[in-house]
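As stored in model_3.txt (compact mmCIF, C-alpha atoms):
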# COMPACT_ATOMS: atom_id res chain seq x y z
CA MET A 55 -5.70 -8.99 8.58
CA GLY A 56 -8.91 -8.81 6.57
CA LYS A 57 -10.12 -5.99 4.37
CA VAL A 58 -12.95 -3.54 4.89
CA ILE A 59 -15.29 -3.95 1.94
CA ALA A 60 -18.38 -1.87 1.19
CA ASP A 61 -21.08 -3.38 -0.97
CA GLN A 62 -23.88 -1.43 -2.58
CA SER A 63 -26.27 -1.57 -5.52
CA MET A 64 -26.82 1.72 -7.34
CA SER A 65 -29.22 2.76 -10.10
CA LEU A 66 -27.79 4.35 -13.22
CA ASP A 67 -29.01 7.71 -11.94
CA GLY A 68 -27.05 7.25 -8.72
CA PHE A 69 -29.57 6.08 -6.13
CA SER A 70 -29.05 3.30 -3.58
CA THR A 71 -32.75 3.36 -2.63
CA GLY A 72 -35.86 4.78 -4.22
CA PRO A 73 -37.80 7.66 -2.63
CA ASN A 74 -39.98 7.38 0.49
CA VAL A 75 -37.88 4.90 2.47
CA SER A 76 -39.65 3.89 5.66
CA ILE A 77 -40.15 0.89 7.88
CA GLY A 78 -42.04 -1.49 5.62
CA ASN A 79 -40.59 0.18 2.49
CA GLY A 80 -36.93 -0.32 3.21
CA MET A 81 -35.68 0.07 -0.37
CA GLY A 82 -38.02 2.98 -1.17
CA ASP A 83 -40.44 3.19 -4.08
CA GLY A 84 -39.10 1.06 -6.93
CA GLY A 85 -35.87 0.40 -5.03
CA GLU A 86 -36.39 -3.37 -4.95
CA GLN A 87 -35.32 -3.31 -8.62
CA LEU A 88 -31.80 -2.72 -7.31
CA HIS A 89 -31.77 -6.24 -5.90
CA ASP A 90 -33.36 -8.10 -8.83
CA TRP A 91 -29.94 -9.06 -10.19
CA MET A 92 -29.32 -11.21 -7.13
CA GLY A 93 -32.08 -13.54 -8.29
CA TRP A 94 -33.58 -14.06 -4.84
CA GLU A 95 -35.54 -17.24 -4.33
CA GLY A 96 -37.24 -17.49 -0.95
CA ASP A 97 -34.80 -16.52 1.78
CA GLY A 98 -31.62 -16.46 -0.27
CA PRO A 99 -30.10 -15.90 -3.67
CA ALA A 100 -30.90 -18.31 -6.48
CA ALA A 101 -28.18 -20.71 -7.52
CA LYS A 102 -26.22 -19.27 -10.43
CA ALA A 103 -23.00 -20.22 -12.11
CA GLY A 104 -21.81 -17.15 -13.96
CA GLU A 105 -18.82 -14.87 -13.74
CA GLY A 106 -19.23 -12.43 -10.90
CA ASP A 107 -21.42 -14.72 -8.84
CA GLU A 108 -18.96 -14.41 -6.02
CA LEU A 109 -19.70 -10.69 -5.97
CA THR A 110 -23.08 -10.89 -4.25
CA PRO A 111 -23.44 -9.47 -0.74
CA PHE A 112 -24.06 -13.03 0.43
CA ASP A 113 -20.65 -14.11 -0.72
CA LEU A 114 -19.16 -11.05 0.91
CA LEU A 115 -20.80 -12.06 4.17
CA GLN A 116 -19.39 -15.57 3.87
CA ARG A 117 -15.84 -14.21 3.85
CA SER A 118 -16.56 -11.62 6.53
CA GLY A 119 -16.38 -11.90 10.30
CA ALA A 120 -18.35 -8.76 11.13
CA ALA A 121 -20.67 -6.30 9.41
CA VAL A 122 -21.28 -2.56 9.78
CA VAL A 123 -24.58 -0.80 9.01
CA GLY A 124 -26.02 2.64 9.59
CA ARG A 125 -28.80 3.27 12.06
CA ARG A 126 -31.41 4.08 9.41
CA MET A 127 -30.58 0.90 7.53
CA PHE A 128 -30.94 -1.01 10.78
CA ASP A 129 -34.28 0.64 11.54
CA VAL A 130 -35.83 -0.38 8.22
CA GLY A 131 -34.02 -3.73 8.12
CA GLU A 132 -34.61 -5.07 11.62
CA GLU A 133 -38.09 -6.42 10.93
CA PRO A 134 -37.49 -7.97 7.48
CA TRP A 135 -34.18 -9.47 8.65
CA GLY A 136 -36.25 -11.28 11.29
CA GLU A 137 -35.38 -13.43 14.28
CA ASN A 138 -32.72 -15.40 12.40
CA PRO A 139 -31.02 -12.66 10.37
CA PRO A 140 -28.91 -13.49 7.30
CA PHE A 141 -25.69 -12.20 8.88
CA HIS A 142 -24.68 -14.92 11.37
CA MET A 143 -22.02 -12.62 12.82
CA PRO A 144 -21.79 -9.46 14.92
CA VAL A 145 -23.35 -6.47 13.17
CA PHE A 146 -22.16 -3.06 14.36
CA VAL A 147 -24.82 -0.37 14.06
CA VAL A 148 -23.49 3.21 13.86
CA THR A 149 -25.90 5.31 15.89
CA HIS A 150 -26.08 8.40 18.07
CA ARG A 151 -27.94 6.60 20.83
CA ALA A 152 -26.29 3.98 23.06
CA ARG A 153 -28.25 0.77 23.45
CA ALA A 154 -27.62 -2.72 24.86
CA PRO A 155 -26.62 -5.43 22.35
CA LEU A 156 -29.52 -7.26 20.74
CA VAL A 157 -28.91 -10.99 20.42
CA LYS A 158 -30.70 -12.81 17.60
CA GLN A 159 -30.70 -16.44 16.50
CA GLY A 160 -28.03 -17.99 14.30
CA GLY A 161 -25.06 -16.01 15.53
CA THR A 162 -26.22 -12.48 14.73
CA THR A 163 -25.82 -9.90 17.49
CA TYR A 164 -26.58 -6.24 16.81
CA MET A 165 -24.04 -4.07 18.60
CA PHE A 166 -24.82 -0.35 18.84
CA VAL A 167 -21.82 1.95 18.59
CA SER A 168 -22.43 5.57 19.58
CA ASP A 169 -18.88 6.96 19.50
CA GLY A 170 -18.40 7.36 15.76
CA ILE A 171 -17.56 5.55 12.57
CA ALA A 172 -13.90 4.93 13.46
CA ALA A 173 -14.88 3.26 16.73
CA ALA A 174 -17.45 1.11 14.92
CA LEU A 175 -14.88 -0.01 12.36
CA ALA A 176 -12.27 -0.70 15.04
CA ARG A 177 -14.70 -2.90 16.94
CA ALA A 178 -15.80 -4.65 13.75
CA LYS A 179 -12.21 -5.37 12.70
CA ASP A 180 -11.48 -6.68 16.16
CA ALA A 181 -14.48 -9.00 16.01
CA ALA A 182 -13.65 -10.13 12.47
CA GLY A 183 -10.10 -11.19 13.29
CA ASP A 184 -8.47 -12.40 10.07
CA LYS A 185 -11.72 -12.22 8.12
CA ASP A 186 -13.09 -9.23 6.20
CA VAL A 187 -15.46 -6.58 7.47
CA ALA A 188 -18.58 -6.00 5.32
CA VAL A 189 -19.86 -2.42 5.25
CA LEU A 190 -23.40 -2.98 4.02
CA GLY A 191 -24.66 0.62 3.97
CA GLY A 192 -26.43 2.87 3.85
CA ALA A 193 -24.87 5.49 1.65
CA ASP A 194 -23.91 7.79 4.51
CA VAL A 195 -21.96 5.13 6.39
CA ILE A 196 -20.08 4.19 3.21
CA ARG A 197 -19.28 7.87 2.59
CA GLN A 198 -18.03 8.32 6.16
CA CYS A 199 -15.83 5.23 5.88
CA ALA A 200 -14.36 6.34 2.56
CA GLU A 201 -13.64 9.89 3.71
CA ALA A 202 -12.07 8.65 6.95
CA GLY A 203 -9.71 6.30 5.14
CA LEU A 204 -11.34 3.24 6.66
CA LEU A 205 -12.45 1.56 3.44
CA ASP A 206 -10.26 -0.77 1.36
CA GLU A 207 -12.70 -1.73 -1.36
CA LEU A 208 -16.05 -0.72 -2.81
CA ARG A 209 -18.13 -3.26 -4.67
CA LEU A 210 -20.62 -1.32 -6.71
CA HIS A 211 -23.42 -3.14 -8.48
CA LEU A 212 -24.56 -0.73 -11.18
CA VAL A 213 -28.15 -1.58 -12.06
CA HIS A 214 -29.32 -0.04 -15.34
CA VAL A 215 -32.66 1.22 -14.10
CA LEU A 216 -33.65 4.81 -13.39
CA LEU A 217 -35.26 5.61 -10.03
CA GLY A 218 -35.59 9.37 -10.45
CA ASP A 219 -35.30 10.08 -6.71
CA GLY A 220 -34.19 8.47 -3.47
CA THR A 221 -30.96 8.15 -1.50
CA ARG A 222 -27.91 9.20 -3.50
CA LEU A 223 -25.01 6.80 -2.93
CA PHE A 224 -22.39 9.50 -3.50
CA ALA A 225 -24.20 12.48 -2.01
CA ARG A 226 -21.92 15.01 -0.42
CA ILE A 227 -18.84 12.82 -0.79
CA ALA A 228 -15.69 14.98 -0.77
CA PRO A 229 -14.08 14.33 -4.17
CA GLU A 230 -10.69 15.65 -3.08
CA ARG A 231 -10.61 13.09 -0.24
CA VAL A 232 -11.46 9.92 -2.10
CA THR A 233 -9.85 8.29 -5.14
CA LEU A 234 -11.31 5.17 -6.69
CA GLU A 235 -9.11 2.76 -8.63
CA ARG A 236 -11.12 0.46 -10.81
CA ALA A 237 -9.96 -3.10 -10.15
CA ARG A 238 -12.54 -5.18 -11.99
CA VAL A 239 -15.59 -4.96 -14.25
CA VAL A 240 -18.01 -7.85 -14.67
CA GLU A 241 -21.00 -7.67 -17.01
CA ALA A 242 -23.63 -9.88 -15.41
CA PRO A 243 -27.37 -10.27 -16.00
CA GLY A 244 -29.15 -7.27 -14.51
CA ALA A 245 -26.07 -5.48 -13.21
CA THR A 246 -22.58 -4.35 -14.09
CA HIS A 247 -20.30 -5.17 -11.16
CA LEU A 248 -17.57 -2.61 -10.60
CA THR A 249 -14.94 -3.28 -7.96
CA PHE A 250 -12.82 -0.34 -6.76
CA ARG A 251 -9.84 -0.01 -4.48
CA VAL A 252 -10.47 3.03 -2.31
CA ARG A 253 -7.68 5.51 -1.60
CA THR A 254 -8.16 8.33 0.85
CA ASN A 255 -6.03 11.43 0.35
CA GLY A 256 -4.49 13.82 2.83
CA MET B 218 -32.37 5.26 -41.93
CA GLY B 219 -29.75 6.08 -39.35
CA LYS B 220 -30.06 5.96 -35.58
CA VAL B 221 -30.19 8.77 -33.05
CA ILE B 222 -27.29 8.21 -30.66
CA ALA B 223 -26.51 10.23 -27.55
CA ASP B 224 -22.96 10.23 -26.25
CA GLN B 225 -21.94 11.43 -22.82
CA SER B 226 -19.22 10.97 -20.22
CA MET B 227 -20.40 10.75 -16.61
CA SER B 228 -18.54 10.67 -13.31
CA LEU B 229 -19.25 7.83 -10.91
CA ASP B 230 -21.31 10.25 -8.83
CA GLY B 231 -23.47 11.08 -11.82
CA PHE B 232 -22.17 14.38 -13.20
CA SER B 233 -21.61 15.24 -16.87
CA THR B 234 -19.76 18.43 -15.92
CA GLY B 235 -18.16 19.74 -12.76
CA PRO B 236 -19.57 22.78 -10.91
CA ASN B 237 -19.30 26.40 -12.11
CA VAL B 238 -19.67 25.83 -15.85
CA SER B 239 -19.18 29.06 -17.76
CA ILE B 240 -17.71 30.35 -20.99
CA GLY B 241 -14.02 29.57 -20.55
CA ASN B 242 -14.81 26.74 -18.11
CA GLY B 243 -17.00 24.62 -20.32
CA MET B 244 -16.60 21.34 -18.41
CA GLY B 245 -16.83 22.98 -14.98
CA ASP B 246 -14.34 22.63 -12.14
CA GLY B 247 -12.57 19.29 -12.48
CA GLY B 248 -14.85 18.29 -15.34
CA GLU B 249 -12.00 17.92 -17.83
CA GLN B 250 -11.25 14.62 -16.04
CA LEU B 251 -14.33 13.25 -17.79
CA HIS B 252 -12.51 13.48 -21.11
CA ASP B 253 -9.08 12.15 -20.05
CA TRP B 254 -10.00 8.65 -21.26
CA MET B 255 -10.14 9.94 -24.83
CA GLY B 256 -6.41 10.53 -24.70
CA TRP B 257 -6.50 13.87 -26.52
CA GLU B 258 -3.35 14.92 -28.30
CA GLY B 259 -3.49 18.39 -29.78
CA ASP B 260 -6.74 18.81 -31.67
CA GLY B 261 -7.91 15.23 -31.71
CA PRO B 262 -7.87 11.90 -29.90
CA ALA B 263 -4.61 10.02 -29.62
CA ALA B 264 -4.18 6.94 -31.76
CA LYS B 265 -5.20 3.86 -29.83
CA ALA B 266 -5.86 0.27 -30.75
CA GLY B 267 -7.96 -1.19 -27.98
CA GLU B 268 -11.45 -2.59 -27.69
CA GLY B 269 -13.98 0.19 -27.49
CA ASP B 270 -11.90 2.64 -29.47
CA GLU B 271 -14.79 2.99 -31.88
CA LEU B 272 -16.87 4.30 -28.97
CA THR B 273 -15.34 7.76 -28.81
CA PRO B 274 -17.48 10.76 -29.74
CA PHE B 275 -15.12 11.28 -32.68
CA ASP B 276 -16.02 7.91 -34.09
CA LEU B 277 -19.68 8.67 -33.51
CA LEU B 278 -19.28 11.88 -35.50
CA GLN B 279 -17.64 9.98 -38.35
CA ARG B 280 -20.73 7.82 -38.81
CA SER B 281 -23.13 10.73 -38.28
CA GLY B 282 -24.56 13.19 -40.77
CA ALA B 283 -25.81 15.74 -38.27
CA ALA B 284 -25.37 16.64 -34.61
CA VAL B 285 -27.70 18.08 -31.96
CA VAL B 286 -26.55 20.14 -28.97
CA GLY B 287 -28.25 22.26 -26.32
CA ARG B 288 -27.96 26.02 -26.26
CA ARG B 289 -25.85 26.10 -23.09
CA MET B 290 -23.43 23.56 -24.54
CA PHE B 291 -23.21 25.71 -27.67
CA ASP B 292 -22.59 28.86 -25.63
CA VAL B 293 -19.62 27.37 -23.78
CA GLY B 294 -18.41 25.38 -26.79
CA GLU B 295 -18.53 27.96 -29.57
CA GLU B 296 -15.21 29.58 -28.74
CA PRO B 297 -13.13 26.43 -28.03
CA TRP B 298 -14.62 24.68 -31.09
CA GLY B 299 -13.19 27.57 -33.09
CA GLU B 300 -13.43 28.63 -36.72
CA ASN B 301 -12.97 25.08 -38.03
CA PRO B 302 -15.07 23.06 -35.56
CA PRO B 303 -14.56 19.29 -35.17
CA PHE B 304 -18.06 18.47 -36.47
CA HIS B 305 -17.82 18.99 -40.27
CA MET B 306 -21.60 18.65 -40.55
CA PRO B 307 -24.74 20.62 -39.66
CA VAL B 308 -25.10 21.07 -35.90
CA PHE B 309 -28.64 21.80 -34.69
CA VAL B 310 -28.72 23.95 -31.57
CA VAL B 311 -31.88 23.64 -29.46
CA THR B 312 -32.66 27.14 -28.23
CA HIS B 313 -35.52 29.45 -27.32
CA ARG B 314 -34.25 32.27 -29.48
CA ALA B 315 -34.37 32.14 -33.29
CA ARG B 316 -31.14 33.10 -35.01
CA ALA B 317 -29.71 32.92 -38.53
CA PRO B 318 -27.48 29.93 -39.34
CA LEU B 319 -23.82 30.40 -38.52
CA VAL B 320 -21.52 28.99 -41.20
CA LYS B 321 -18.04 27.88 -40.08
CA GLN B 322 -15.13 26.35 -41.99
CA GLY B 323 -14.85 22.67 -42.83
CA GLY B 324 -18.53 21.92 -43.35
CA THR B 325 -19.88 22.88 -39.92
CA THR B 326 -22.98 25.07 -39.91
CA TYR B 327 -24.73 25.86 -36.64
CA MET B 328 -28.50 25.84 -37.19
CA PHE B 329 -30.63 27.30 -34.40
CA VAL B 330 -33.96 25.54 -33.81
CA SER B 331 -36.43 27.41 -31.62
CA ASP B 332 -39.53 25.23 -31.99
CA GLY B 333 -38.61 22.36 -29.70
CA ILE B 334 -36.62 19.17 -29.42
CA ALA B 335 -38.80 17.16 -31.81
CA ALA B 336 -38.36 19.77 -34.54
CA ALA B 337 -34.61 19.83 -33.95
CA LEU B 338 -34.40 16.04 -34.23
CA ALA B 339 -36.59 16.00 -37.35
CA ARG B 340 -34.35 18.52 -39.05
CA ALA B 341 -31.22 16.68 -37.95
CA LYS B 342 -32.51 13.34 -39.27
CA ASP B 343 -33.44 14.99 -42.52
CA ALA B 344 -29.96 16.47 -42.87
CA ALA B 345 -28.29 13.19 -41.88
CA GLY B 346 -30.07 11.13 -44.53
CA ASP B 347 -28.96 7.52 -44.12
CA LYS B 348 -26.32 8.40 -41.54
CA ASP B 349 -26.76 8.59 -37.76
CA VAL B 350 -27.61 11.67 -35.71
CA ALA B 351 -25.24 12.40 -32.81
CA VAL B 352 -26.85 13.96 -29.73
CA LEU B 353 -23.81 15.41 -28.01
CA GLY B 354 -25.48 16.99 -24.97
CA GLY B 355 -25.89 18.57 -22.63
CA ALA B 356 -27.74 16.50 -20.09
CA ASP B 357 -31.03 18.32 -20.54
CA VAL B 358 -31.17 17.75 -24.30
CA ILE B 359 -30.42 14.06 -23.81
CA ARG B 360 -33.17 13.83 -21.18
CA GLN B 361 -35.66 15.57 -23.47
CA CYS B 362 -34.81 13.24 -26.35
CA ALA B 363 -35.14 10.13 -24.17
CA GLU B 364 -38.45 11.19 -22.65
CA ALA B 365 -39.87 12.14 -26.06
CA GLY B 366 -38.99 8.76 -27.57
CA LEU B 367 -36.51 10.31 -29.97
CA LEU B 368 -33.39 8.47 -28.81
CA ASP B 369 -32.32 5.04 -30.07
CA GLU B 370 -29.08 4.58 -28.19
CA LEU B 371 -27.14 6.07 -25.29
CA ARG B 372 -23.38 5.66 -25.13
CA LEU B 373 -22.36 6.33 -21.58
CA HIS B 374 -18.70 6.63 -20.70
CA LEU B 375 -18.58 6.01 -16.95
CA VAL B 376 -15.45 7.67 -15.61
CA HIS B 377 -14.48 6.50 -12.11
CA VAL B 378 -13.79 9.89 -10.66
CA LEU B 379 -15.91 11.81 -8.17
CA LEU B 380 -16.79 15.43 -8.97
CA GLY B 381 -18.99 16.16 -5.95
CA ASP B 382 -21.14 18.70 -7.77
CA GLY B 383 -22.01 19.88 -11.27
CA THR B 384 -24.56 19.00 -13.95
CA ARG B 385 -26.36 15.73 -13.23
CA LEU B 386 -26.72 13.67 -16.40
CA PHE B 387 -29.95 12.04 -15.21
CA ALA B 388 -31.46 14.93 -13.27
CA ARG B 389 -35.24 15.00 -13.33
CA ILE B 390 -35.49 12.19 -15.87
CA ALA B 391 -38.89 10.50 -15.62
CA PRO B 392 -38.09 6.87 -14.73
CA GLU B 393 -41.51 5.59 -15.79
CA ARG B 394 -40.94 7.02 -19.28
CA VAL B 395 -37.50 5.63 -20.06
CA THR B 396 -36.18 2.06 -20.06
CA LEU B 397 -32.54 1.32 -20.74
CA GLU B 398 -31.46 -2.03 -22.15
CA ARG B 399 -27.79 -2.67 -21.69
CA ALA B 400 -26.33 -3.72 -25.02
CA ARG B 401 -22.60 -3.69 -24.37
CA VAL B 402 -19.97 -3.14 -21.66
CA VAL B 403 -16.35 -2.37 -22.48
CA GLU B 404 -13.71 -1.95 -19.78
CA ALA B 405 -11.22 0.52 -21.23
CA PRO B 406 -8.42 2.57 -19.67
CA GLY B 407 -9.98 5.47 -17.75
CA ALA B 408 -13.60 4.64 -18.49
CA THR B 409 -16.17 1.87 -18.56
CA HIS B 410 -18.16 2.19 -21.78
CA LEU B 411 -21.81 1.25 -21.40
CA THR B 412 -24.04 1.18 -24.47
CA PHE B 413 -27.80 1.18 -23.95
CA ARG B 414 -30.77 0.81 -26.25
CA VAL B 415 -33.32 3.38 -25.14
CA ARG B 416 -37.01 2.50 -24.94
CA THR B 417 -39.62 5.14 -24.23
CA ASN B 418 -42.84 3.96 -22.63
CA GLY B 419 -46.40 5.13 -23.06
Full structure transcribed into structure tokens:
Amino acid sequence: MGKVIADQSMSLDGFSTGPNVSIGNGMGDGGEQLHDWMGWEGDGPAAKAGEGDELTPFDLLQRSGAAVVGRRMFDVGEEPWGENPPFHMPVFVVTHRARAPLVKQGGTTYMFVSDGIAAALARAKDAAGDKDVAVLGGADVIRQCAEAGLLDELRLHLVHVLLGDGTRLFARIAPERVTLERARVVEAPGATHLTFRVRTNG
Amino acid sequence: MGKVIADQSMSLDGFSTGPNVSIGNGMGDGGEQLHDWMGWEGDGPAAKAGEGDELTPFDLLQRSGAAVVGRRMFDVGEEPWGENPPFHMPVFVVTHRARAPLVKQGGTTYMFVSDGIAAALARAKDAAGDKDVAVLGGADVIRQCAEAGLLDELRLHLVHVLLGDGTRLFARIAPERVTLERARVVEAPGATHLTFRVRTNG
């Protein structure tokens, strides 16, 4: 049985995107700084050989058999992810509107789940088999997973920039519901990687 | 010439106090969790011998010759700090209302500065001589110092609890004005200590 692992970059002032997110500005104004630490080159991350390298979202995807994303993340991501998206696995999109699966090249199929976060996670775990499930965001889907007791681990990439405004990763999270146990800290260029075990109370 | 060093504990969701701060509830609801890592015993921190021990506010005070606090922090702190406050040095309170100095036991004198943050810092540096100046908070005073180019270093104690609401450490900070260079990361029990050099732009 795999784990359910959320992965998110966050600015020091708590934002997982900058302001004014839209199609064509998926990370919001200034939000692309949150991904600089990955050292993108072309379509993928640059080769690195430091501690914590295995903590990139790409490495998470390699050990995962399914991914979960929110509908807004899908809306702004669909175009940049392109016809051969970087997932190569089923991606479950949590949405209010039912829609037929969307098959892309390279093994990625977008599956739209309209009956709630628990149903989306159940289908993702089923599809993943023994592999992990990657919860890629956005913030609201991660919050829902944590509060519902569906999340095993949070990989937080703390990027020491200030964005001033945008999407708050921990907005409206119920503190009495969620306990985070720090499992690992890695100081890497451009980010401090914090890995938490997630406990849901009550 | 000493440095101007701000010191603050922050929850993972970005708060430097919990909600409902008042006299008698100085850290807000649940906010006392932000200080658990210091391992208080009685009036002072417990003896420890781990890496990062020199990063407590107490150690900062020992190398400082003056402190700066905001008026709200003073209002909620005055009573618990008591007749022999833990500072043992001049403490400059940034306020809108002029007031005569308030002399306490053990070397602490509260000095009220009503002509702005730059004047408060100038007086604190003057009083500190070759020693450092400790900017102890609250969030708004730290923001003002950073934006005005008056801050050399920020010591952030990231406490992996969620508070849900309260005083945001980085509320309304102007991201284009302030650049943080990560100088050090220490994983300690109950907190991840992040030390930043602060650069103010333009």
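One finds CA of Asp194 (chain A) at 24.9 Å from CA of Leu251 (chain B).
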| request: Please provide the set of residues having any atom within 8 Å of Gly68 (chain A), restricted to all atoms listed in the file, with same-chain residues fewer than 5 positions apart removed, written as a list in words. | output: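 Contacts, in chain order: Arg222, Leu223 and Phe224 of chain A; Asp230 and Gly231 of chain B.
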| message | One number please: CA of Glu86 (chain A) to CA of Ser70 (chain A), in Å, one decimal. | response |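 Computing the Euclidean distance for CA of Glu86 (chain A) and CA of Ser70 (chain A) yields 10.0 Å.
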| request: Write down, as a PyMOL selection string, each residue of chain A that has any atom within 10 Å of an atom of chain B, counting all atoms listed in the file. | output: chain A and resi 66-69+84+213-219+222-236+238-246+248+250
| Expected residue set, 10 Å radius at (-18.8, 28.8, -19.0), all atoms listed in the file, as number ranges by chain | B: 237-245, 289-290, 292-294
| field | Length of the CA of Lys348 (chain B) to CA of His313 (chain B) vector [Å] | value | 27.0 Å
| Contacts of Gln225 (chain B) within 10 Å, all atoms listed in the file, excl. fewer than 6 positions in-chain, as a PyMOL selection string | chain B and resi 233+251-252+273-274+352-356+359+371-375+386
If you keep C-alpha atoms, can you produce a file of those selected residues as a short mmCIF file (atom, residue, chain, number, x, y, z; two decimals), in the frame of the given file?
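After the write, out10.cif holds the following:
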data_model
loop_
_atom_site.label_atom_id
_atom_site.label_comp_id
_atom_site.auth_asym_id
_atom_site.auth_seq_id
_atom_site.Cartn_x
_atom_site.Cartn_y
_atom_site.Cartn_z
CA SER B 233 -21.61 15.24 -16.87
CA LEU B 251 -14.33 13.25 -17.79
CA HIS B 252 -12.51 13.48 -21.11
CA THR B 273 -15.34 7.76 -28.81
CA PRO B 274 -17.48 10.76 -29.74
CA VAL B 352 -26.85 13.96 -29.73
CA LEU B 353 -23.81 15.41 -28.01
CA GLY B 354 -25.48 16.99 -24.97
CA GLY B 355 -25.89 18.57 -22.63
CA ALA B 356 -27.74 16.50 -20.09
CA ILE B 359 -30.42 14.06 -23.81
CA LEU B 371 -27.14 6.07 -25.29
CA ARG B 372 -23.38 5.66 -25.13
CA LEU B 373 -22.36 6.33 -21.58
CA HIS B 374 -18.70 6.63 -20.70
CA LEU B 375 -18.58 6.01 -16.95
CA LEU B 386 -26.72 13.67 -16.40
#
| task | Find the residue from B:Val308, B:Ile334, B:Ala400, B:Ala365 that sits nearest to Gly419 (chain B); use all atoms listed in the file when measuring. | result |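 The closest residue to Gly419 (chain B) is B:Ala365.
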Just the residues within 8 Å of Leu367 (chain B), please, counting only C-alpha atoms, with nothing from its chain fewer than 3 positions along; format it as a compact mmCIF listing (two decimals) with C-alpha atoms, in the frame of the given file.
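Saved file out-v2.txt follows:
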# COMPACT_ATOMS: atom_id res chain seq x y z
CA VAL B 221 -30.19 8.77 -33.05
CA ALA B 335 -38.80 17.16 -31.81
CA LEU B 338 -34.40 16.04 -34.23
CA CYS B 362 -34.81 13.24 -26.35
CA ALA B 363 -35.14 10.13 -24.17
CA GLU B 364 -38.45 11.19 -22.65
